[in-house]
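Enquirer: Structure below; questions to follow.
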Amino acid sequence: MLAPRQPEPSHRPLIAVAAATVATATGLGWLLQRAWNPKGDVNHRAAQALGAGAAILCISVALDSAIEHYRGQFKDRAMFVGPTMALLGLGAATYIAFRPEHANDRLPKIALFTVGATGLIGLAFHSYNILKRPGELSALNLFYGAPAGAPAALTLAGLYGVIAGEMLSGRDNVSTRLPKHTAALIAFSLMGTVAEAGFLHFRGAFQDPAMYAPVTIPPLAALSIGAAALTPRAAAFAEPLLKATAVLGIAGPIFHAYGIHRNMGGWHNWTQMILQGPPLPAPPAFLGIAAAGLGILPALQEAGE
Amino acid sequence: MSEFKTPFLTYDVLDKWDTPSWNDQTRAAVRQRLDDEPPRRFLSEEQWSLLEAIAARLMPQPEREEPVPIVPWIDDMLHRNAGPGYRYADMPPMREAWHQGLDAIAAEARNRHGKCFEELSPGDQDALLGDVQHNRVESRYWRDLPAGGFFLHLLLKQVVGIYYSHPAAWSEIGFGGPASPRGYARLGFDERDPWEAEEFDFEAEHA
Amino acid sequence: MLEVAEPRAVAGRAPDVFREGKWVPMRTYDDNEEVDFAIVGTGAGGGTLACKLAEAGFSVIAFDAGPFWRPLEDFVSDERDQGGLYWTDERITGGADPIELGSNNSGRGVGGSTVHYTMIALRWRPEWFQCRSKLGYGRDWPISFDELEPFYEEAEEALKISGPISYPWSRRRKRYPYRAHPVNAAGLVLARGCEAIGVQWSPLPLATLSAPRGMAHPCVYRGFCAYGCSTNAKQSVLVTFIPRALNAGAEVRDLAMVGKIEMGKDGKATGLTYHRGGAWRRQKAKHVVVAGYAIETPRLLLNSKCDQFRDGLANENGLVGTHLMTHSGPGVWGIMDEEVRCYKAPPCMAVTEHWNYDDSDKKDFRGGYAFMSQGPLPVGWAEAQAINRGMWGMKLRQEMTRYNHVAGLRIVGETEPQRHNRVEVADEKDQYGLPIPRVTFSYSENDRRLIEHSKGSMRAVLEGAGAKELWTDHDTSHLMGGCRMGDDPDDSVVDRDGRSWSIPNLWVCDGSLFPTSGGVNPSLTIQALACRMGDRISGMAKRGEL
C-alpha cells in the first residue's frame with residue numbers, strides 16, 4: 001500500500017520557530033541567572049524556585065482559563081473564579097520568588113492555600129461539566145469538554161507556594177523528607193502535564209513530528225527527578241532533562257503560534273484561531289514545573305550527602 | 001399576517017464585509033448580486049410585470065423602500081436557460097413551462113375578475129395563487145402544465161431561493177453568512193461567536 | 001456565478017489545488033497514443049481508480065465533463081454562486097416517485113460529487129454483502145466484507161478520516177487516522193434525543209480534517225460543506241487521489257465530455273470519443289473504464305450502441321440501467337428552545353445506525369436506515385419549507401426568522417433494487433447532440449413501510465431532545481445501481497471486478513456497481529471498491545489476464 005502523498009508546507013517557518021526558541025530561551029536563562037539571588041542556603045534557593053515555578057504556572061493558567069472561559073462566554077459567574085484566582089496566585093507566588101525570605105509569612109501562605117483549594121473545586125466543576133454532556137465520560141467530551149488539567153495546575157501552583165513556605169519554616173529540611181516529597185510531587189506534576197499535552201496532541205493526530213516532543217522529554221525528566229527522590233545521585237541526570245523541559249515550555253508557545261499560522265487564514269484569522277488553534281499559554285506549564293524542579297535539586301543533593 | 005418582525009434587531013451581515021469572515025471571491029460574488037441587476041432579456045414586458053406582482057405576494061417586503069430584486073434574476077436564469085439539471089416527466093421544458101404558467105395565471109385573473117392580476121387586491125391575488133398551488137384552475141389555460149407543480153417547483157422555489165440569497169434576508173433570519181477564511185469557534189447550544197447575530201426576545205422586552 | 005469556460009489541465013500542467021494560482025506538472029498523452037486505461041469520470045470511483053492504476057505504473061487518462069476546480073479560488077461562501085458544481089445538463093425524471101437530480105446527487109467537475117458531498121465516511125454493515133443469505137432480503141454481492149475490509153482501511157487512511165475512538169456499530173476496526181470533530185448543537189440534539197429513548201449514537205466519521213495535513217488546513221466549521229470547501233479540509237477526491245494520480249503520471253482532461261465508447265471489429269473497445277475545446281476528438285486506449293455514476297454510466301453504455309451491440313454495450317441481458325436505487329430521505333424537523341444555529345460546522349455530525357443493525361421483529365420492513373443531524377443553509381431551508389409545507393408570503397418570511405432554533409434529522413434509507421427503476425435514453429438531445437437520460441423511479445411497498453417507520457423513530461428522538469412543532473418532509477440522496485456486479489453473467493452487467501461480461505476490456509467503477517443500496521452513504525464503499533479494483537487489475541496484469 002502506497003503512502004498518501006500530499007505536498008508539505010515550507011519548512012522555513014519551522015526553522016524560524018526553532019531559532020526564535022533558542023534566542024528566547026537563552027535570553028530568559030540569562031535574565032533569570034542575573035535576577036537569581038545567589039545568597040542564601042539551599043532552602044532559600046528552593047523556596048525561590050518554587051515561588052517562581054508557581055508564578056509561571058499561574059500565568060499559564062490565568063491566560064489559558066481567561067481565553068477558554070471567554071470562549072465559553074463566561075456563561076456562569078463561576079467562570080470568573082479561575083482566572084481571578086490564578087492572578088491572585090500569580091501575585092503571591094511572584095512575591096515569594098522575589099522575597100523568598102517572606103515565603104513563610106501568613107498572608108502569601110493563605111493566598112496560595114486558597115488558590116490550591118480553588119483548583120480542586122475547579123477540577124470538580126470541570127468533571128461535572130464533562131459528565132453532564134451527551135456521551136458522558138467519552139473521549140469526545142474529554143477532547144472538547146472542560147479540561148481537567150487546567151484547574152489541577154492551579155492546585156499545583158498553590159502546593160508549590162505552600163511548600164516554599166515550609167522550606168523556610170526553620171526546621172532542618174536536610175534531615176526531613178520535605179525535599180524528597182517535593183521531588184516526587186514535581187515528578188507527578190510533570191506526568192500530569194505530559195498526560196494532558198499528550199492527550200491533546202493525540203486529538204491533533206500528532207500531525208507534526210514536533211508534537212511528540214512534550215511526550216518524550218518531560219517523561220524522562222519526571223522519571224529522573226522521581227528517581228532523585230529515592231537516590232539523590234539521580235539528580236545529575238535530572239538537571240539537564242529539567243532544563244530541556246524548561247526549553248520546551250518556552251518553545252511551546254512559539255510552536256503553537258506556528259500552528260495557528262498553519263490554520264485557515266493564519267494569524268489574519270486570529271479571532272477564531274486563538275480559540276480553535278493550539279493553545280498559546282498552555283506549554284509554559286512545563287517551564288514552571290521544571291523551574292521548581294531545578295530549584296529543589298540542590299536541597300535534594302544536600303539531603304543525600 | 002402582514003407585519004414582519006425580526007428578533008435580530010442590530011445585525012447586518014454586510015457589517016462583516018471587511019472582516020476575515022469574507023474573502024475576495026465571496027465579496028465579488030455578492031457585490032455582483034447587489035450591484036449588477038440584469039436587464040430584461042427573456043420575459044415579455046407583460047410577463048415581467050405580472051411576475052413582479054406575484055413575487056410581491058410570495059415574498060412580500062412592505063417594510064422596504066427598495067425591495068430585494070427577484071424578477072431580474074429569474075429572467076436572467078431563463079435567459080441563460082440555467083436549469084437545475086432535471087425536469088419532471090410531466091412537465092414541458094423549463095422555458096416553455098414558465099411562459100405557459102405565467103400566461104395561464106394572467107388568464108385566470110382575467111377570467112375570474114375581468115382585470116389583470118396586477119390590478120387585483122392583495123387578498124384576491126393570494127386567493128388566486130392559493131388556487132394555483134392546489135390545482136383549482138381552469139385546465140384550458142394550463143393545457144399540459146400541472147398548475148401545482150409549476151407553482152411549487154418552478155415559481156415558488158425560484159422566488160424564495162433568490163430572496164434568501166440576498167444579504168438582507170440573511171440579516172433578518174440571523175444567518176452567519178459568508179464564512180471563509182474565518183468560520184466559527186463556538187458550536188454548542190446557545191453559543192455565539194462575537195461575529196454572529198444576537199437574538200432579542202420580544203416577549204421578554206415587552207414584559 | 002461559478003463558471004469555468006476553458007480547460008485548465010492543458011500544456012503539461014494542471015492546477016495546484018493547494019496553492020492559489022500555482023500549477024503542478026502533468027504528463028500528457030497524444031490522442032493517437034494508445035494508453036493503458038481511459039477512465040470516464042474523476043469522482044469517488046474514477047478519480048480513486050485513476051490514482052491506483054497510475055501508481056501501479058499504467059498509463060492513464062481520466063476524463064471529466066466538468067472543470068478542474070481551484071478550491072482556494074473557485075469555492076465561494078455562497079449557496080447560489082456554487083450552482084456550477086452540479087450536473088445541470090437536462091435530464092428527465094419520472095415514475096411514481098421521481099428522484100430530484102442536479103444538486104441533490106450529481107456533481108460535475110474533477111473530483112465529482114465528492115467536491116460537494118457532506119463527507120460522511122461510513123462502512124457498510126458486514127452482513128449487507130450477503131443480505132439475501134444472511135438477512136433474507138435483497139441480493140448477495142459477489143464480494144464479502146472481509147474481501148473489502150482492507151480497502152475500506154486504505155480509503156480511510158487516504159482520506160485521513162476524522163472519526164471517534166470507538167464506533168458503536170460494525171466490527172472492531174483500526175483506529176481512524178484523525179480524531180473526531182467536536183459535535184455541533186445540531187448533532188447534540190440527536191445525541192440528547194437518542195440518550196433520552198435509550199438508543200446508541202455516535203459522532204460521525206467524516207472526511208474532513210480535524211488537524212492540519214500537509215498543505216491542507218483543518219476544518220474551520222464554516223458550514224458550506226454541501227458546496228465547495230474553500231479551506232481544503234474536505235478530503236474530496238480533488239485534493240487527495242487526483243494530486244496523487246498526477247504525481248504518478250496520470251493525465252486529467254477537464255471539460256472533456258465523453259460521448260461514445262469506440263468498438264473494434266474484434267468486439268473489444270478501442271478508445272473513446274470526447275468533446276473538448278469545441279471539437280470532437282478520439283482517444284485510443286487498451287481499456288476503457290466507465291465511472292460516470294449511476295446515470296451517466298448507463299447512459300454512455302446505451303449511447304455507445306453500434307452495429308455489433310445494438311442495445312448498447314454490455315447489455316446482452318438488457319440489465320444496463322436497471323435496478324437503479326436511491327436512498328429515501330424523509331426528514332423530521334422541529335424548533336428548539338435553545339439557539340442551535342445549524343449553519344455552523346459540517347451539516348451532519350452525529351448519527352445513529354441503530355435501525356441498520358437492529359434485526360428484531362419490531363421492524364415491519366426489510367432493510368435498514370441510519371439518520372444524521374442536519375444543517376441546511378438559508379436557501380435550501382427556505383425552499384424546503386416552501387415546497388414541503390406549501391408555505392409562502394409573510395407566513396414564510398416570519399417562519400424563517402426561527403431558522404436559528406431549527407433542528408432536524410434525516411435518514412439514509414435503504415431502497416430495494418427493482419428492475420423497472422431504471423435509466424434509459426430519451427429521443428431528446430443535449431448540447432452535445434447526445435440523447436439525454438430519462439430516469440424512472442418508484443418506491444416499493446417495503447420502501448414505503450421503511451419510510452413510515454423511520455419517521456416514527458426520528459420523531460421520538462427529536463421529542464426526546466425537547467424539539468417542538470415537529471413536521472416532516474421528503475427527500476432522497478445518492479444514486480446506486482444501474483450496472484450491477486455479480487457472479488452470474490445472465491443476472492449482472494459486470495463481474496466481481498467491475499469487468500464487463502461481454503467486452504473484456506470494458507470496466508465499470510462507480511456507484512452503479514451496487515447490487516443493493518444499504519442504509520449508509522455510498523462514497524466510502526465506492527472508494528473501497530475502486531481501491532480493490534486497482535489492486536485486482538494490477539494482479540491480473542502481472543498474471544497476464546488483462
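In the C-alpha cells, each chain is lettered A, B, ... as it comes, each chain's residues begin at 1, and ligands are numbered from 1 in order of appearance.
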Quick one: which chain B residues come within 6 Å of chain C, and what is the nearest atom pair for each with the distance in Å to one decimal, counting only C-alpha atoms, rows ordered by chain and ascending number, as CSV?
Expert:
```
residue,atom,partner,partner_atom,distance
B:Thr26,CA,C:Val76,CA,5.1
B:Arg57,CA,C:Gly393,CA,5.7
B:Leu58,CA,C:Gly393,CA,4.4
B:Met59,CA,C:Gly393,CA,5.0
B:Pro60,CA,C:Gly393,CA,5.9
B:Pro84,CA,C:Thr88,CA,5.5
B:Gly85,CA,C:Thr88,CA,3.4
B:Tyr86,CA,C:Arg91,CA,4.5
B:Arg87,CA,C:Ile92,CA,5.1
B:Tyr88,CA,C:Thr93,CA,4.9
B:Ala89,CA,C:Gly94,CA,4.8
B:Leu152,CA,C:Ile387,CA,5.7
B:Lys157,CA,C:Glu383,CA,5.6
B:Gly161,CA,C:Val379,CA,5.1
B:Tyr164,CA,C:Val379,CA,5.2
B:Ile173,CA,C:Thr401,CA,4.3
B:Pro178,CA,C:Ser77,CA,4.8
B:Ala179,CA,C:Arg222,CA,5.2
B:Gly183,CA,C:Arg222,CA,4.1
B:Tyr184,CA,C:Tyr221,CA,5.6
B:Leu187,CA,C:Asn184,CA,4.8
B:Gly188,CA,C:Ala185,CA,4.5
B:Phe189,CA,C:Ala185,CA,5.0
B:Asp190,CA,C:Glu339,CA,4.7
```
Enquirer: Print the selection's residues with N, CA and C atoms to a file, as a compact mmCIF listing (two decimals), in the first residue's frame.
Expert:
```txt
# COMPACT_ATOMS: atom_id res chain seq x y z
N THR B 26 -15.76 35.86 -2.39
CA THR B 26 -17.14 35.97 -1.92
C THR B 26 -17.63 37.41 -2.06
N ARG B 57 -46.28 38.99 -3.67
CA ARG B 57 -47.17 38.23 -2.77
C ARG B 57 -46.46 37.02 -2.18
N LEU B 58 -45.61 36.38 -2.97
CA LEU B 58 -44.93 35.19 -2.46
C LEU B 58 -43.88 35.58 -1.42
N MET B 59 -43.22 36.71 -1.64
CA MET B 59 -42.23 37.22 -0.69
C MET B 59 -42.50 38.70 -0.44
N PRO B 60 -43.53 39.03 0.31
CA PRO B 60 -43.88 40.45 0.49
C PRO B 60 -42.80 41.18 1.29
N PRO B 84 -32.06 23.34 -13.26
CA PRO B 84 -31.50 22.66 -12.10
C PRO B 84 -30.86 21.32 -12.44
N GLY B 85 -30.94 20.88 -13.71
CA GLY B 85 -30.33 19.61 -14.06
C GLY B 85 -31.34 18.48 -14.16
N TYR B 86 -32.61 18.79 -14.12
CA TYR B 86 -33.65 17.76 -14.30
C TYR B 86 -34.98 18.46 -14.52
N ARG B 87 -35.87 17.74 -15.16
CA ARG B 87 -37.25 18.22 -15.19
C ARG B 87 -38.17 17.02 -15.04
N TYR B 88 -39.28 17.25 -14.37
CA TYR B 88 -40.20 16.15 -14.13
C TYR B 88 -40.83 15.72 -15.45
N ALA B 89 -41.06 14.44 -15.56
CA ALA B 89 -41.52 13.88 -16.83
C ALA B 89 -42.86 14.48 -17.26
N LEU B 152 -45.11 25.19 -7.28
CA LEU B 152 -44.15 24.81 -6.23
C LEU B 152 -42.72 24.69 -6.75
N LYS B 157 -40.19 28.07 -5.76
CA LYS B 157 -38.82 27.69 -5.45
C LYS B 157 -37.84 28.78 -5.90
N GLY B 161 -35.79 31.09 -3.35
CA GLY B 161 -34.35 30.86 -3.43
C GLY B 161 -33.60 32.15 -3.69
N TYR B 164 -33.71 34.49 -0.49
CA TYR B 164 -32.83 34.08 0.62
C TYR B 164 -31.38 33.95 0.21
N ILE B 173 -32.84 36.80 9.23
CA ILE B 173 -33.02 35.50 9.88
C ILE B 173 -31.84 35.14 10.79
N PRO B 178 -21.41 34.55 4.76
CA PRO B 178 -20.12 34.03 4.29
C PRO B 178 -19.18 33.77 5.47
N ALA B 179 -18.36 32.72 5.33
CA ALA B 179 -17.52 32.33 6.46
C ALA B 179 -16.22 31.70 5.97
N GLY B 183 -14.33 30.82 10.07
CA GLY B 183 -15.57 30.08 10.27
C GLY B 183 -16.12 30.41 11.65
N TYR B 184 -16.32 29.35 12.45
CA TYR B 184 -16.91 29.55 13.77
C TYR B 184 -16.15 28.73 14.81
N LEU B 187 -19.67 26.16 18.92
CA LEU B 187 -20.59 25.33 18.14
C LEU B 187 -21.77 24.81 18.95
N GLY B 188 -21.75 24.95 20.27
CA GLY B 188 -22.76 24.30 21.10
C GLY B 188 -24.06 25.07 21.21
N PHE B 189 -24.98 24.53 22.03
CA PHE B 189 -26.27 25.18 22.28
C PHE B 189 -26.06 26.59 22.83
N ASP B 190 -26.83 27.53 22.33
CA ASP B 190 -26.80 28.90 22.86
C ASP B 190 -25.40 29.49 22.86
```
Enquirer: I need the chain A residues near chain C as a PDB file with N, CA and C atoms, in the first residue's frame; criterion: at most 6 Å, counting only C-alpha atoms.
Expert:
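selection26.pdb, freshly written:
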```pdb
ATOM      1  N   PRO A   4      -0.078   7.859   1.239  1.00  0.00           N
ATOM      2  CA  PRO A   4      -0.670   9.012   0.556  1.00  0.00           C
ATOM      3  C   PRO A   4       0.336  10.147   0.521  1.00  0.00           C
ATOM      4  N   GLN A   6       0.994  14.059  -0.025  1.00  0.00           N
ATOM      5  CA  GLN A   6       0.400  15.380  -0.083  1.00  0.00           C
ATOM      6  C   GLN A   6       1.542  16.366  -0.011  1.00  0.00           C
ATOM      7  N   PRO A   7       1.475  17.468  -0.741  1.00  0.00           N
ATOM      8  CA  PRO A   7       2.560  18.444  -0.647  1.00  0.00           C
ATOM      9  C   PRO A   7       2.682  18.951   0.783  1.00  0.00           C
ATOM     10  N   GLU A   8       3.915  19.090   1.237  1.00  0.00           N
ATOM     11  CA  GLU A   8       4.162  19.566   2.599  1.00  0.00           C
ATOM     12  C   GLU A   8       4.392  21.072   2.570  1.00  0.00           C
ATOM     13  N   PRO A   9       3.974  21.769   3.606  1.00  0.00           N
ATOM     14  CA  PRO A   9       4.228  23.211   3.651  1.00  0.00           C
ATOM     15  C   PRO A   9       5.722  23.475   3.790  1.00  0.00           C
ATOM     16  N   PRO A 134     -23.920  14.995  26.600  1.00  0.00           N
ATOM     17  CA  PRO A 134     -24.307  13.713  25.995  1.00  0.00           C
ATOM     18  C   PRO A 134     -23.040  12.911  25.699  1.00  0.00           C
ATOM     19  N   ARG A 203      -5.370  14.291  20.071  1.00  0.00           N
ATOM     20  CA  ARG A 203      -6.519  14.898  19.404  1.00  0.00           C
ATOM     21  C   ARG A 203      -6.078  15.523  18.081  1.00  0.00           C
ATOM     22  N   GLY A 204      -4.871  16.081  18.062  1.00  0.00           N
ATOM     23  CA  GLY A 204      -4.339  16.645  16.820  1.00  0.00           C
ATOM     24  C   GLY A 204      -3.626  15.610  15.972  1.00  0.00           C
ATOM     25  N   ALA A 205      -3.823  14.332  16.288  1.00  0.00           N
ATOM     26  CA  ALA A 205      -3.307  13.211  15.495  1.00  0.00           C
ATOM     27  C   ALA A 205      -1.780  13.260  15.335  1.00  0.00           C
ATOM     28  N   ASN A 263      -3.228  27.194  10.297  1.00  0.00           N
ATOM     29  CA  ASN A 263      -4.671  27.065  10.135  1.00  0.00           C
ATOM     30  C   ASN A 263      -5.181  28.009   9.056  1.00  0.00           C
ATOM     31  N   MET A 264      -6.431  27.782   8.634  1.00  0.00           N
ATOM     32  CA  MET A 264      -7.024  28.594   7.570  1.00  0.00           C
ATOM     33  C   MET A 264      -7.021  30.067   7.969  1.00  0.00           C
TER      34      MET A 264
END
```
Enquirer: Pick out the chain A residues within 7 Å of chain B. Count only C-alpha atoms. Give them as a PyMOL selection string.
Expert: chain A and resi 71+264-265+269+272+275-276
Enquirer: Per DSSP on the backbone, filter region 60-121 of chain A down to the residues in alpha helix (DSSP H) and report them as a compact mmCIF listing (two decimals) with C-alpha atoms, in the first residue's frame.
Expert:
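So out_28.txt came out as:
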```txt
# COMPACT_ATOMS: atom_id res chain seq x y z
CA SER A 60 -0.20 29.94 32.17
CA VAL A 61 -3.48 29.14 33.94
CA ALA A 62 -4.59 32.78 34.07
CA LEU A 63 -4.19 33.25 30.32
CA ASP A 64 -5.45 29.82 29.37
CA SER A 65 -8.55 29.96 31.55
CA ALA A 66 -9.25 33.55 30.51
CA ILE A 67 -9.21 32.52 26.84
CA GLU A 68 -11.14 29.30 27.37
CA HIS A 69 -13.76 30.89 29.61
CA TYR A 70 -14.07 33.71 27.07
CA ARG A 71 -14.83 31.00 24.53
CA VAL A 81 -13.10 32.44 39.52
CA GLY A 82 -10.42 30.53 37.62
CA PRO A 83 -8.62 33.49 36.03
CA THR A 84 -9.08 35.61 39.18
CA MET A 85 -7.57 33.01 41.48
CA ALA A 86 -4.75 32.45 39.01
CA LEU A 87 -3.98 36.17 39.20
CA LEU A 88 -4.06 36.05 43.00
CA GLY A 89 -1.72 33.07 42.89
CA LEU A 90 0.50 34.93 40.46
CA GLY A 91 0.77 37.87 42.86
CA ALA A 92 1.56 35.74 45.90
CA ALA A 93 3.99 33.47 44.07
CA THR A 94 5.83 36.37 42.45
CA TYR A 95 6.21 37.89 45.89
CA ILE A 96 7.81 34.67 47.12
CA ALA A 97 10.04 34.48 44.07
CA PHE A 98 11.45 37.94 44.71
CA ARG A 106 1.00 34.11 56.82
CA LEU A 107 -0.54 36.16 54.00
CA PRO A 108 1.11 34.57 50.95
CA LYS A 109 0.60 31.17 52.51
CA ILE A 110 -3.13 31.72 52.98
CA ALA A 111 -3.41 33.15 49.46
CA LEU A 112 -1.66 30.20 47.88
CA PHE A 113 -3.56 27.70 50.00
CA THR A 114 -6.81 29.25 48.78
CA VAL A 115 -5.60 29.15 45.19
CA GLY A 116 -4.73 25.48 45.56
CA ALA A 117 -8.09 24.65 47.10
CA THR A 118 -9.90 26.54 44.32
CA GLY A 119 -8.07 24.35 41.84
CA LEU A 120 -9.61 21.27 43.45
CA ILE A 121 -13.08 22.80 43.29
```
Enquirer: For CA of Val110 (chain C) and CA of Glu3 (chain C), quote the distance in Å rounded to one decimal.
Expert: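 If I compute the distance from CA of Val110 (chain C) to CA of Glu3 (chain C), I get 13.6 Å.
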Enquirer: Hey, which of B:Glu119, B:Asp76, B:Asp124, B:Asp201 ends up closest to Arg41 (chain B)? Count only C-alpha atoms.
Expert: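 Closest to Arg41 (chain B), using only C-alpha atoms: B:Asp76.
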Enquirer: Between CA of Gly148 (chain B) and CA of Gln125 (chain B), what is the spacing in Å?
Expert: 15.9 Å
Enquirer: Point out the residue among A:Leu123, A:Ile254, A:Ala213, A:Leu287 with the least atom-to-atom distance to Pro13 (chain A), counting only C-alpha atoms.
Expert: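 Result for the nearest residue to Pro13 (chain A): A:Ile254.
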Enquirer: I'd like the neighbourhood of Val17 (chain C) as a PyMOL selection string, where a residue qualifies if any of its atoms comes within 9 Å (using only C-alpha atoms), though same-chain residues fewer than 3 positions away should be ignored.
Expert: chain C and resi 14+20-24+69-72+232+238-239+243
Enquirer: Just to be explicit: take each residue in the selection above, keep C-alpha atoms, and write the result as a PDB file, in the first residue's frame.
Expert:
```
ATOM      1  CA  ALA C  14      -2.695  21.083 -14.054  1.00  0.00           C
ATOM      2  CA  GLU C  20      -3.526  29.885  -5.368  1.00  0.00           C
ATOM      3  CA  GLY C  21      -2.561  30.490  -8.974  1.00  0.00           C
ATOM      4  CA  LYS C  22       0.080  27.752  -8.963  1.00  0.00           C
ATOM      5  CA  TRP C  23       0.429  24.705 -11.202  1.00  0.00           C
ATOM      6  CA  VAL C  24       1.722  21.174 -10.908  1.00  0.00           C
ATOM      7  CA  TRP C  69     -11.511  23.356  -9.702  1.00  0.00           C
ATOM      8  CA  ARG C  70      -9.135  25.508  -7.717  1.00  0.00           C
ATOM      9  CA  PRO C  71     -10.659  25.175  -4.230  1.00  0.00           C
ATOM     10  CA  LEU C  72      -8.959  28.212  -2.703  1.00  0.00           C
ATOM     11  CA  ASN C 232      -9.275  22.279   1.684  1.00  0.00           C
ATOM     12  CA  LEU C 238      -9.971  16.510  -5.983  1.00  0.00           C
ATOM     13  CA  VAL C 239      -7.456  17.140  -3.185  1.00  0.00           C
ATOM     14  CA  PRO C 243      -2.890  15.025  -6.824  1.00  0.00           C
TER      15      PRO C 243
END
```
Enquirer: Identify, on the basis of only C-alpha atoms, every residue whose closest approach to Met77 (chain B) does not exceed 12 Å; exclude the query and any residue fewer than 5 positions from it along the same chain; express the result as a ChimeraX atom specification.
Expert: /B:38-43,70-72,82-84,94-95,98,154,158-159,162 /C:1,80,83
Enquirer: Based on the backbone DSSP call, show me all residues of region 331-414 of chain C assigned strand (DSSP E), as a PyMOL selection string.
Expert: chain C and resi 331-335+350-352+369-373+406-413
Enquirer: What does the distance from CA of Glu63 (chain B) to CA of Ser44 (chain B) come to in Å, to one decimal?
Expert: 28.4 Å
